[in-house]
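The data block below is start25.tsv; it holds TSV, C-alpha atoms.
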chain	number	residue	atom	x	y	z
A	1	MET	CA	36.57	41.32	17.50
A	2	ALA	CA	36.82	39.93	20.96
A	3	ALA	CA	38.58	36.70	21.57
A	4	PRO	CA	36.14	34.04	22.74
A	5	ARG	CA	36.20	33.83	26.49
A	6	SER	CA	37.69	30.40	26.39
A	7	TYR	CA	40.84	31.61	24.67
A	8	ARG	CA	42.74	32.77	27.71
A	9	ARG	CA	46.03	31.18	26.90
A	10	ILE	CA	47.39	31.63	23.43
A	11	VAL	CA	50.67	30.51	21.95
A	12	VAL	CA	51.90	32.40	18.90
A	13	GLY	CA	54.59	30.70	16.85
A	14	LEU	CA	57.06	33.16	15.36
A	15	ASP	CA	59.78	32.48	12.84
A	16	GLY	CA	60.74	35.94	11.63
A	17	SER	CA	58.58	35.74	8.51
A	18	ALA	CA	56.04	38.33	7.43
A	19	HIS	CA	53.26	35.80	7.93
A	20	SER	CA	54.25	35.10	11.50
A	21	ARG	CA	54.34	38.85	12.21
A	22	ARG	CA	50.84	39.04	10.81
A	23	ALA	CA	49.83	36.18	13.11
A	24	ALA	CA	51.02	38.20	16.12
A	25	ALA	CA	49.25	41.30	14.79
A	26	PHE	CA	46.03	39.31	14.36
A	27	VAL	CA	46.05	38.30	18.03
A	28	ALA	CA	46.86	41.90	18.99
A	29	ARG	CA	43.63	42.99	17.29
A	30	LEU	CA	41.52	40.65	19.41
A	31	ARG	CA	40.14	42.18	22.55
A	32	PRO	CA	41.86	40.29	25.36
A	33	PRO	CA	39.61	38.45	27.85
A	34	ARG	CA	40.26	38.88	31.57
A	35	GLY	CA	43.52	37.16	32.40
A	36	GLY	CA	44.27	36.68	28.71
A	37	ARG	CA	47.82	35.53	28.28
A	38	VAL	CA	49.91	35.20	25.16
A	39	THR	CA	53.22	33.45	24.87
A	40	CYS	CA	55.27	34.28	21.78
A	41	VAL	CA	57.45	31.33	20.96
A	42	ARG	CA	60.40	31.46	18.65
A	43	VAL	CA	62.30	28.25	18.04
A	44	VAL	CA	65.97	28.59	17.22
A	45	GLU	CA	67.48	25.70	15.34
A	46	PRO	CA	70.89	24.79	16.72
A	47	VAL	CA	73.87	25.12	14.42
A	48	ARG	CA	74.88	21.57	13.67
A	49	LEU	CA	78.45	20.84	12.76
A	50	PRO	CA	79.60	17.85	10.74
A	51	SER	CA	81.83	15.42	12.54
A	52	MET	CA	85.42	16.46	12.04
A	53	PRO	CA	87.65	13.48	12.86
A	54	LEU	CA	90.52	14.50	10.56
A	55	VAL	CA	90.50	18.22	11.26
A	56	PRO	CA	93.37	19.35	13.48
A	57	GLY	CA	92.50	20.48	16.99
A	58	PRO	CA	93.06	24.25	16.70
A	59	MET	CA	91.05	24.47	13.49
A	60	ARG	CA	88.28	22.47	15.07
A	61	ALA	CA	88.19	24.90	17.96
A	62	GLN	CA	87.99	27.79	15.54
A	63	ILE	CA	85.10	26.23	13.65
A	64	ALA	CA	83.30	25.52	16.90
A	65	ALA	CA	83.84	29.13	18.00
A	66	GLN	CA	82.38	30.38	14.72
A	67	ALA	CA	79.36	28.12	15.12
A	68	ALA	CA	78.85	29.40	18.65
A	69	ALA	CA	79.03	32.99	17.40
A	70	MET	CA	76.50	32.17	14.67
A	71	GLU	CA	74.15	30.69	17.22
A	72	ARG	CA	74.50	33.71	19.47
A	73	GLY	CA	73.64	35.88	16.47
A	74	ARG	CA	70.56	33.79	15.70
A	75	ARG	CA	69.44	33.94	19.29
A	76	ALA	CA	69.88	37.72	19.39
A	77	VAL	CA	67.73	38.14	16.27
A	78	ALA	CA	65.15	35.74	17.65
A	79	ARG	CA	65.07	37.57	20.96
A	80	ARG	CA	64.37	40.87	19.17
A	81	GLN	CA	61.52	39.23	17.27
A	82	VAL	CA	59.79	37.78	20.31
A	83	ASP	CA	60.30	41.02	22.23
A	84	TRP	CA	58.73	42.97	19.38
A	85	ALA	CA	55.73	40.65	19.33
A	86	ALA	CA	55.39	40.63	23.10
A	87	ALA	CA	55.49	44.44	23.16
A	88	LEU	CA	52.84	44.62	20.45
A	89	LEU	CA	50.56	42.28	22.38
A	90	ALA	CA	51.20	43.98	25.70
A	91	LYS	CA	50.12	47.24	24.13
A	92	ALA	CA	46.86	45.57	23.08
A	93	GLY	CA	46.21	44.62	26.71
A	94	TRP	CA	47.39	41.01	26.77
A	95	ARG	CA	49.78	39.69	29.35
A	96	ALA	CA	52.50	38.76	26.92
A	97	ARG	CA	55.93	37.30	27.11
A	98	GLY	CA	58.47	36.01	24.64
A	99	VAL	CA	60.10	32.61	24.92
A	100	LEU	CA	63.07	31.23	23.02
A	101	ARG	CA	63.38	27.51	22.59
A	102	THR	CA	66.09	25.52	20.92
A	103	GLY	CA	65.42	22.45	18.80
A	104	LEU	CA	63.17	21.26	16.01
A	105	PRO	CA	60.58	23.96	15.26
A	106	LEU	CA	57.43	21.84	15.21
A	107	ARG	CA	58.35	19.72	18.20
A	108	GLU	CA	59.29	22.71	20.30
A	109	LEU	CA	56.18	24.61	19.27
A	110	LEU	CA	53.91	21.76	20.32
A	111	ALA	CA	55.94	21.33	23.51
A	112	ALA	CA	55.32	25.02	24.22
A	113	VAL	CA	51.59	24.54	23.63
A	114	ARG	CA	51.55	21.76	26.19
A	115	ALA	CA	53.82	23.57	28.65
A	116	GLU	CA	51.61	26.67	28.57
A	117	ARG	CA	48.46	24.55	28.53
A	118	ALA	CA	47.37	26.81	25.69
A	119	ASP	CA	43.84	26.86	24.26
A	120	VAL	CA	44.90	27.81	20.78
A	121	LEU	CA	48.03	27.89	18.67
A	122	VAL	CA	48.41	30.75	16.19
A	123	VAL	CA	50.81	30.45	13.28
A	124	GLY	CA	51.48	32.22	10.01
A	125	ALA	CA	50.56	30.40	6.82
A	126	ARG	CA	54.06	30.47	5.41
A	127	GLY	CA	57.32	30.46	7.24
A	128	ALA	CA	60.91	31.32	6.73
A	129	GLY	CA	62.09	27.83	5.85
A	130	ALA	CA	64.88	27.42	3.36
A	131	VAL	CA	62.57	25.59	1.01
A	132	THR	CA	59.80	27.92	0.01
A	133	HIS	CA	56.64	25.94	0.40
A	134	PHE	CA	53.81	26.56	-1.93
A	135	LEU	CA	51.09	28.42	-0.05
A	136	LEU	CA	51.55	26.68	3.29
A	137	GLY	CA	54.66	26.21	5.36
A	138	SER	CA	55.72	22.80	6.56
A	139	VAL	CA	55.45	23.73	10.21
A	140	ALA	CA	51.96	25.17	9.77
A	141	GLU	CA	50.90	22.07	7.87
A	142	ALA	CA	52.29	19.65	10.41
A	143	ALA	CA	50.83	21.69	13.26
A	144	LEU	CA	47.41	21.24	11.71
A	145	LYS	CA	47.77	17.50	11.87
A	146	ARG	CA	49.54	17.13	15.19
A	147	SER	CA	48.29	19.91	17.40
A	148	PRO	CA	46.13	18.78	20.31
A	149	VAL	CA	44.47	22.20	20.38
A	150	GLU	CA	42.90	24.52	17.88
A	151	VAL	CA	45.18	26.04	15.29
A	152	LEU	CA	44.60	29.47	13.79
A	153	VAL	CA	46.43	29.90	10.51
A	154	VAL	CA	46.82	33.57	9.60
A	155	LYS	CA	47.54	34.62	6.03
B	1	MET	CA	39.97	43.81	10.53
B	2	ARG	CA	37.09	42.22	12.34
B	3	PRO	CA	35.41	39.42	10.43
B	4	THR	CA	31.78	40.18	9.78
B	5	GLU	CA	31.23	36.92	7.97
B	6	ILE	CA	32.29	33.64	9.56
B	7	LEU	CA	32.09	30.40	7.61
B	8	PHE	CA	31.51	27.05	9.25
B	9	PRO	CA	31.67	24.21	6.72
B	10	THR	CA	30.16	21.06	8.17
B	11	ASP	CA	30.11	17.40	7.23
B	12	PHE	CA	27.82	16.59	10.18
B	13	SER	CA	30.59	14.58	11.87
B	14	PRO	CA	31.44	14.92	15.58
B	15	ALA	CA	34.64	16.69	14.50
B	16	SER	CA	32.71	19.43	12.78
B	17	GLU	CA	30.26	19.63	15.67
B	18	ALA	CA	33.08	20.79	17.95
B	19	ALA	CA	34.05	23.34	15.31
B	20	GLY	CA	30.44	24.49	15.12
B	21	ARG	CA	30.36	25.37	18.80
B	22	ILE	CA	33.53	27.40	18.44
B	23	ALA	CA	32.31	29.07	15.25
B	24	ARG	CA	29.17	30.05	17.12
B	25	ALA	CA	31.17	31.49	20.02
B	26	MET	CA	33.34	33.49	17.62
B	27	ALA	CA	30.36	34.81	15.70
B	28	LEU	CA	28.55	35.79	18.90
B	29	GLU	CA	31.50	37.74	20.22
B	30	ALA	CA	32.30	39.37	16.91
B	31	GLY	CA	28.67	40.09	16.08
B	32	ALA	CA	29.27	38.38	12.78
B	33	ARG	CA	26.98	36.49	10.46
B	34	LEU	CA	27.52	32.73	10.56
B	35	HIS	CA	27.48	30.85	7.27
B	36	VAL	CA	26.79	27.13	7.62
B	37	LEU	CA	27.85	25.30	4.49
B	38	HIS	CA	27.55	21.68	3.53
B	39	VAL	CA	29.17	20.39	0.37
B	40	VAL	CA	27.60	17.41	-1.33
B	41	PRO	CA	29.77	15.09	-3.44
B	42	PRO	CA	29.19	15.49	-7.18
B	43	VAL	CA	26.89	12.54	-7.93
B	44	THR	CA	24.75	12.71	-4.80
B	45	ASP	CA	21.29	14.21	-4.65
B	46	PRO	CA	21.68	17.36	-2.52
B	47	SER	CA	18.05	17.49	-1.42
B	48	THR	CA	18.55	14.59	1.01
B	49	PHE	CA	20.91	16.77	3.03
B	50	SER	CA	18.91	19.96	3.22
B	51	GLU	CA	17.01	18.80	6.28
B	52	ARG	CA	20.15	17.80	8.16
B	53	LEU	CA	21.75	21.11	7.24
B	54	ALA	CA	18.75	23.07	8.45
B	55	HIS	CA	18.84	21.12	11.70
B	56	ALA	CA	22.57	21.71	12.18
B	57	ALA	CA	22.16	25.42	11.48
B	58	GLN	CA	19.20	25.67	13.84
B	59	ALA	CA	21.25	24.22	16.68
B	60	LEU	CA	23.69	27.11	16.29
B	61	ALA	CA	21.28	29.87	15.39
B	62	GLU	CA	20.16	31.30	18.74
B	63	GLY	CA	20.95	35.00	18.85
B	64	LEU	CA	22.83	34.93	15.57
B	65	ARG	CA	22.30	35.77	11.96
B	66	VAL	CA	22.76	32.46	10.19
B	67	GLU	CA	22.90	31.71	6.51
B	68	THR	CA	22.87	28.16	5.21
B	69	ALA	CA	24.15	26.97	1.89
B	70	LEU	CA	24.20	23.62	0.17
B	71	ARG	CA	26.66	23.26	-2.67
B	72	THR	CA	27.68	20.44	-4.91
B	73	GLY	CA	31.29	19.73	-5.77
B	74	LEU	CA	34.63	18.77	-4.29
B	75	ALA	CA	34.57	19.83	-0.66
B	76	GLY	CA	37.86	21.70	-0.40
B	77	ARG	CA	37.53	23.72	-3.57
B	78	THR	CA	33.88	24.46	-3.04
B	79	ILE	CA	34.51	25.79	0.46
B	80	VAL	CA	37.28	28.06	-0.81
B	81	ASP	CA	35.11	29.33	-3.67
B	82	TYR	CA	32.30	30.04	-1.25
B	83	ALA	CA	34.67	31.95	1.07
B	84	ARG	CA	35.86	34.10	-1.86
B	85	GLU	CA	32.38	34.73	-3.13
B	86	LYS	CA	30.90	35.79	0.22
B	87	GLY	CA	33.88	37.76	1.50
B	88	ILE	CA	34.35	35.46	4.45
B	89	GLY	CA	36.69	36.82	7.14
B	90	LEU	CA	37.28	33.63	9.10
B	91	VAL	CA	36.76	29.95	8.41
B	92	VAL	CA	36.22	27.64	11.38
B	93	LEU	CA	36.86	24.09	10.35
B	94	GLY	CA	36.87	20.73	12.10
B	95	THR	CA	39.69	18.32	11.38
B	96	HIS	CA	39.59	14.57	11.72
B	97	GLY	CA	43.29	14.36	12.42
B	98	ARG	CA	44.00	11.62	9.95
B	99	THR	CA	47.64	10.87	9.29
B	100	GLY	CA	49.53	8.21	7.40
B	101	TRP	CA	47.53	5.76	5.34
B	102	SER	CA	44.02	6.97	5.87
B	103	HIS	CA	45.24	10.53	5.27
B	104	ALA	CA	46.86	9.55	1.98
B	105	ILE	CA	43.76	7.75	0.76
B	106	LEU	CA	40.99	9.94	2.13
B	107	GLY	CA	42.91	13.18	1.77
B	108	SER	CA	42.19	16.25	3.77
B	109	VAL	CA	39.60	18.87	3.08
B	110	ALA	CA	41.07	20.99	5.84
B	111	GLU	CA	44.44	21.02	4.14
B	112	THR	CA	42.99	22.24	0.85
B	113	VAL	CA	41.04	24.96	2.61
B	114	VAL	CA	44.00	26.11	4.69
B	115	ARG	CA	46.16	26.27	1.58
B	116	LEU	CA	43.78	28.12	-0.66
B	117	ALA	CA	41.39	30.15	1.46
B	118	PRO	CA	41.83	33.93	1.24
B	119	CYS	CA	41.32	34.47	4.97
B	120	PRO	CA	42.50	33.17	8.36
B	121	ILE	CA	41.41	29.65	9.23
B	122	LEU	CA	40.78	28.25	12.68
B	123	THR	CA	41.06	24.47	12.68
B	124	VAL	CA	39.45	22.56	15.51
B	125	PRO	CA	40.65	19.03	16.19
B	126	ALA	CA	38.05	16.35	16.87
B	127	GLY	CA	37.37	16.07	20.58
B	128	SER	CA	38.16	19.69	21.31
B	129	LEU	CA	36.35	21.01	24.36
B	130	GLU	CA	33.59	23.48	23.87
B	131	PRO	CA	34.20	27.03	25.02
B	132	ALA	CA	33.06	27.56	28.58
B	133	GLY	CA	31.51	30.98	28.02
B	134	ALA	CA	29.27	30.59	25.04
B	135	ALA	CA	28.06	27.05	24.86
B	136	THR	CA	25.24	26.14	22.53
B	137	PRO	CA	22.00	25.55	24.34
B	138	ALA	CA	21.36	22.19	22.76
B	139	ALA	CA	23.96	21.14	20.29
B	140	THR	CA	22.47	17.74	19.80
B	141	ALA	CA	23.28	15.93	16.63
B	142	ALA	CA	20.67	15.86	13.94
B	143	PRO	CA	18.64	12.67	14.11
B	144	THR	CA	20.23	10.47	11.54
B	145	PRO	CA	17.90	7.94	10.04
B	146	PRO	CA	19.95	5.01	8.78
B	147	ARG	CA	20.23	5.45	5.05
B	148	PRO	CA	21.26	2.80	2.59
B	149	CYS	CA	25.01	2.44	2.22
B	150	LEU	CA	26.12	3.75	-1.15
B	151	VAL	CA	27.97	0.54	-1.96
B	152	CYS	CA	26.06	-2.43	-0.59
B	153	GLY	CA	22.67	-0.81	0.06
B	154	LYS	CA	22.30	-2.12	3.59
B	155	PRO	CA	21.08	0.47	6.10
B	156	SER	CA	24.01	2.33	7.63
B	157	ASP	CA	24.68	5.34	9.88
B	158	GLU	CA	27.27	6.61	7.48
B	159	LEU	CA	27.39	7.25	3.77
B	160	ILE	CA	29.39	4.09	3.20
B	161	CYS	CA	29.14	1.37	5.82
B	162	GLU	CA	32.18	0.17	7.73
B	163	PRO	CA	32.62	-3.24	5.98
B	164	CYS	CA	32.39	-1.60	2.56
B	165	ARG	CA	34.84	1.06	3.60
B	166	ALA	CA	37.34	-1.55	4.79
B	167	HIS	CA	36.89	-3.30	1.49
B	168	ILE	CA	37.55	-0.15	-0.53
B	169	ARG	CA	40.56	0.67	1.57
B	170	ALA	CA	42.04	-2.77	1.04
B	171	GLU	CA	41.45	-2.58	-2.69
B	172	ALA	CA	43.12	0.82	-2.91
B	173	MET	CA	46.09	-0.50	-0.99
B	174	ASP	CA	46.39	-3.56	-3.23
B	175	GLN	CA	46.30	-1.35	-6.25
B	176	LYS	CA	48.94	0.98	-4.87
B	177	ARG	CA	51.18	-1.93	-3.94
B	178	GLU	CA	50.80	-3.33	-7.44
B	179	ALA	CA	51.61	0.03	-9.01
B	180	GLU	CA	54.69	0.49	-6.89
B	181	ARG	CA	56.02	-3.04	-7.25
B	182	PRO	CA	59.59	-2.87	-8.44
B	183	GLY	CA	60.76	-4.85	-11.43
B	184	ARG	CA	59.49	-5.62	-14.86
B	185	ARG	CA	55.95	-4.46	-14.61
B	186	GLY	CA	53.81	-5.01	-17.66
B	187	MET	CA	56.26	-7.47	-19.16
B	188	PRO	CA	54.86	-10.81	-20.23
B	189	VAL	CA	55.86	-13.46	-17.72
Using the file provided, produce a representation of the structure as structure tokens.
Amino acid sequence: MAAPRSYRRIVVGLDGSAHSRRAAAFVARLRPPRGGRVTCVRVVEPVRLPSMPLVPGPMRAQIAAQAAAMERGRRAVARRQVDWAAALLAKAGWRARGVLRTGLPLRELLAAVRAERADVLVVGARGAGAVTHFLLGSVAEAALKRSPVEVLVVK
Amino acid sequence: MRPTEILFPTDFSPASEAAGRIARAMALEAGARLHVLHVVPPVTDPSTFSERLAHAAQALAEGLRVETALRTGLAGRTIVDYAREKGIGLVVLGTHGRTGWSHAILGSVAETVVRLAPCPILTVPAGSLEPAGAATPAATAAPTPPRPCLVCGKPSDELICEPCRAHIRAEAMDQKREAERPGRRGMPV
């Protein structure tokens, strides 16, 4: 199937789940229009630490260092995921790139849609959230309501 | 995996009109058959809608294989059942973008469909621009003769006229407030 000519700029939201990989694969199966561009967005949630007023300084530093290491690990995994998706799409003939963003998943995803001036947002039906949502992930659901552009939900 | 059957459920609203244009573009490019489906609420006489449905389908039909269907039931479920039954590969659906109160009261057909449909779903927000490449030649709305409002019977463009709708909304809110009132509900005063 060819992508409709109007879909030149696509944002694919990735979160490491099987559904989001399928979303990327779905776009890869579309025949890219001329100048078709895909941005694979992966939002990394920052590691938030509790406030530690009574914890002694050295221990605090250690905890902070561990959090930083955890975040680096998350970013490395995320980077591999967007690179995998971008490579898949590039092979299908799209101009593809992977972008990491830090923050709240939905907000950053919609920010990416606006920043790329995308025509359509593609997401997987279920994500990798800690709470397993029944049949539809929270980000996908909220994207349906909030997105200014079309949303393609891939199962 | 190229969809050969594309489903476009319509409620004849402007929101679904935008979705119709996109469904048409998708079907044209994929060489797929376009199913135009309208779901009639349970107690309504479906025959009054067949003409509007035919008109809506005709506006999208040029150069396409189009199938129309008129079903009775709850919109969300009926759309999902239809998609299962016909082996639909893609559903293109307009959304009204309701949130908060009106969302809680009126619910969302799109949400039900996205949850339960067996295939990918493309949701099109109201006011989405039509695709530049494959615009419909004349996607004019079906002429809508003012029908009697279901509640008060005065002629109205919509199924239930605006004053009646406001009334129903207020009543539902009152009821909800009453039900959620803290304290000794149901106790004799």
Non-local contacts of Ile88 (chain B) (7 Å; only C-alpha atoms; under 4 positions in same chain excluded) as an mmCIF file with C-alpha atoms, in the frame of the given file:
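Generated file (result-v9.cif):
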data_model
loop_
_atom_site.group_PDB
_atom_site.id
_atom_site.type_symbol
_atom_site.label_atom_id
_atom_site.label_comp_id
_atom_site.auth_asym_id
_atom_site.auth_seq_id
_atom_site.Cartn_x
_atom_site.Cartn_y
_atom_site.Cartn_z
ATOM 1 C CA GLU B 5 31.230 36.920 7.970
ATOM 2 C CA ILE B 6 32.290 33.640 9.560
ATOM 3 C CA LEU B 7 32.090 30.400 7.610
ATOM 4 C CA ALA B 83 34.670 31.950 1.070
ATOM 5 C CA ARG B 84 35.860 34.100 -1.860
#
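Put simply, CA of Gly153 (chain B) is 15.4 Å away from CA of Ala166 (chain B).
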| message | Using all atoms listed in the file - which residues lie no farther than 12 Å from the point (53.0, 35.6, 12.0) in the file's frame? Write them as a PyMOL selection string. | response | (chain A and resi 11-28+40-42+81-82+84-85+121-128+137+140+152-155) or (chain B and resi 120)
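Note that the spacing between CA of Val39 (chain B) and CA of Val80 (chain B) amounts to 11.2 Å.
You can rank B:Ile121, B:Leu60, B:Leu74, B:Leu34 by their closest distance to Ser108 (chain B) using all atoms listed in the file, and at the top of that list sits B:Leu74.
Checking A:Glu141, A:Pro46, A:Ala78, A:Asp119 one by one against Val124 (chain B), counting all atoms listed in the file, you find the shortest gap at A:Asp119.
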| What's the 6 Å shell around region 32-39 of chain A, counting only C-alpha atoms, without same-chain residues fewer than 3 positions away, as an MDAnalysis selection string? | chainID A and resid 5 8:11 94:98
| message | I'd like to know which of B:Glu51, B:Glu158, B:Glu178, B:Glu171 is closest to Leu70 (chain B), using all atoms listed in the file. | response | B:Glu51
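When all atoms listed in the file are used to measure the gap to chain B, the shortest distance among A:Leu30, A:Val55, A:Ala92, A:Ala67 belongs to A:Leu30.
Between CA of Leu54 (chain A) and CA of Met70 (chain A) there is a distance of 22.9 Å.
Nearest-residue note for Glu111 (chain B): choosing from A:Leu109, A:Ala142, A:Ile63, A:Ala115, the minimum distance belongs to A:Ala142, counting all atoms listed in the file.
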| message | Please determine, counting only C-alpha atoms, which residue among A:Thr102, A:Ser147, A:Ser51, A:Ser138 has the shortest atom-to-atom distance to chain B. | response | A:Ser147
Contacts of Ala110 (chain B) at 9 Å or less, counting only C-alpha atoms, minus same-chain residues fewer than 6 places along, as a PDB file with C-alpha atoms, in the coordinates of the input?
ATOM      1  CA  LEU A 144      47.410  21.240  11.710  1.00  0.00           C
TER       2      LEU A 144
ATOM      3  CA  GLY B  76      37.860  21.700  -0.400  1.00  0.00           C
ATOM      4  CA  LEU B  93      36.860  24.090  10.350  1.00  0.00           C
ATOM      5  CA  GLY B  94      36.870  20.730  12.100  1.00  0.00           C
ATOM      6  CA  THR B  95      39.690  18.320  11.380  1.00  0.00           C
ATOM      7  CA  HIS B  96      39.590  14.570  11.720  1.00  0.00           C
ATOM      8  CA  THR B 123      41.060  24.470  12.680  1.00  0.00           C
TER       9      THR B 123
END
Could N, CA and C atoms be built for region 161-183 of chain B and written out as a JSON list (two decimals), in the frame of the given file?
[["chain", "number", "residue", "atom", "x", "y", "z"],
["B", 161, "CYS", "N", 29.05, 2.10, 4.56],
["B", 161, "CYS", "CA", 29.14, 1.37, 5.82],
["B", 161, "CYS", "C", 30.55, 0.85, 6.06],
["B", 162, "GLU", "N", 30.82, 0.51, 7.32],
["B", 162, "GLU", "CA", 32.18, 0.17, 7.73],
["B", 162, "GLU", "C", 32.77, -1.00, 6.92],
["B", 163, "PRO", "N", 32.04, -2.14, 6.76],
["B", 163, "PRO", "CA", 32.62, -3.24, 5.98],
["B", 163, "PRO", "C", 32.98, -2.83, 4.56],
["B", 164, "CYS", "N", 32.10, -2.04, 3.93],
["B", 164, "CYS", "CA", 32.39, -1.60, 2.56],
["B", 164, "CYS", "C", 33.62, -0.71, 2.54],
["B", 165, "ARG", "N", 33.71, 0.14, 3.57],
["B", 165, "ARG", "CA", 34.84, 1.06, 3.60],
["B", 165, "ARG", "C", 36.15, 0.29, 3.73],
["B", 166, "ALA", "N", 36.14, -0.73, 4.60],
["B", 166, "ALA", "CA", 37.34, -1.55, 4.79],
["B", 166, "ALA", "C", 37.72, -2.20, 3.46],
["B", 167, "HIS", "N", 36.69, -2.64, 2.76],
["B", 167, "HIS", "CA", 36.89, -3.30, 1.49],
["B", 167, "HIS", "C", 37.56, -2.35, 0.49],
["B", 168, "ILE", "N", 37.02, -1.15, 0.41],
["B", 168, "ILE", "CA", 37.55, -0.15, -0.53],
["B", 168, "ILE", "C", 38.99, 0.20, -0.18],
["B", 169, "ARG", "N", 39.22, 0.33, 1.12],
["B", 169, "ARG", "CA", 40.56, 0.67, 1.57],
["B", 169, "ARG", "C", 41.55, -0.41, 1.15],
["B", 170, "ALA", "N", 41.15, -1.66, 1.38],
["B", 170, "ALA", "CA", 42.04, -2.77, 1.04],
["B", 170, "ALA", "C", 42.32, -2.80, -0.45],
["B", 171, "GLU", "N", 41.28, -2.56, -1.24],
["B", 171, "GLU", "CA", 41.45, -2.58, -2.69],
["B", 171, "GLU", "C", 42.42, -1.48, -3.13],
["B", 172, "ALA", "N", 42.24, -0.30, -2.55],
["B", 172, "ALA", "CA", 43.12, 0.82, -2.91],
["B", 172, "ALA", "C", 44.56, 0.49, -2.56],
["B", 173, "MET", "N", 44.74, -0.17, -1.42],
["B", 173, "MET", "CA", 46.09, -0.50, -0.99],
["B", 173, "MET", "C", 46.70, -1.54, -1.92],
["B", 174, "ASP", "N", 45.90, -2.54, -2.29],
["B", 174, "ASP", "CA", 46.39, -3.56, -3.23],
["B", 174, "ASP", "C", 46.85, -2.91, -4.51],
["B", 175, "GLN", "N", 46.01, -1.99, -4.98],
["B", 175, "GLN", "CA", 46.30, -1.35, -6.25],
["B", 175, "GLN", "C", 47.60, -0.56, -6.18],
["B", 176, "LYS", "N", 47.75, 0.16, -5.05],
["B", 176, "LYS", "CA", 48.94, 0.98, -4.87],
["B", 176, "LYS", "C", 50.17, 0.09, -4.82],
["B", 177, "ARG", "N", 50.05, -1.02, -4.07],
["B", 177, "ARG", "CA", 51.18, -1.93, -3.94],
["B", 177, "ARG", "C", 51.56, -2.46, -5.32],
["B", 178, "GLU", "N", 50.56, -2.80, -6.09],
["B", 178, "GLU", "CA", 50.80, -3.33, -7.44],
["B", 178, "GLU", "C", 51.53, -2.29, -8.30],
["B", 179, "ALA", "N", 51.04, -1.04, -8.18],
["B", 179, "ALA", "CA", 51.61, 0.03, -9.01],
["B", 179, "ALA", "C", 53.05, 0.34, -8.63],
["B", 180, "GLU", "N", 53.35, 0.12, -7.34],
["B", 180, "GLU", "CA", 54.69, 0.49, -6.89],
["B", 180, "GLU", "C", 55.65, -0.68, -6.85],
["B", 181, "ARG", "N", 55.17, -1.85, -7.31],
["B", 181, "ARG", "CA", 56.02, -3.04, -7.25],
["B", 181, "ARG", "C", 57.23, -2.83, -8.16],
["B", 182, "PRO", "N", 58.40, -3.05, -7.60],
["B", 182, "PRO", "CA", 59.59, -2.87, -8.44],
["B", 182, "PRO", "C", 59.72, -4.01, -9.45],
["B", 183, "GLY", "N", 60.47, -3.78, -10.49],
["B", 183, "GLY", "CA", 60.76, -4.85, -11.43],
["B", 183, "GLY", "C", 60.05, -4.66, -12.74]]
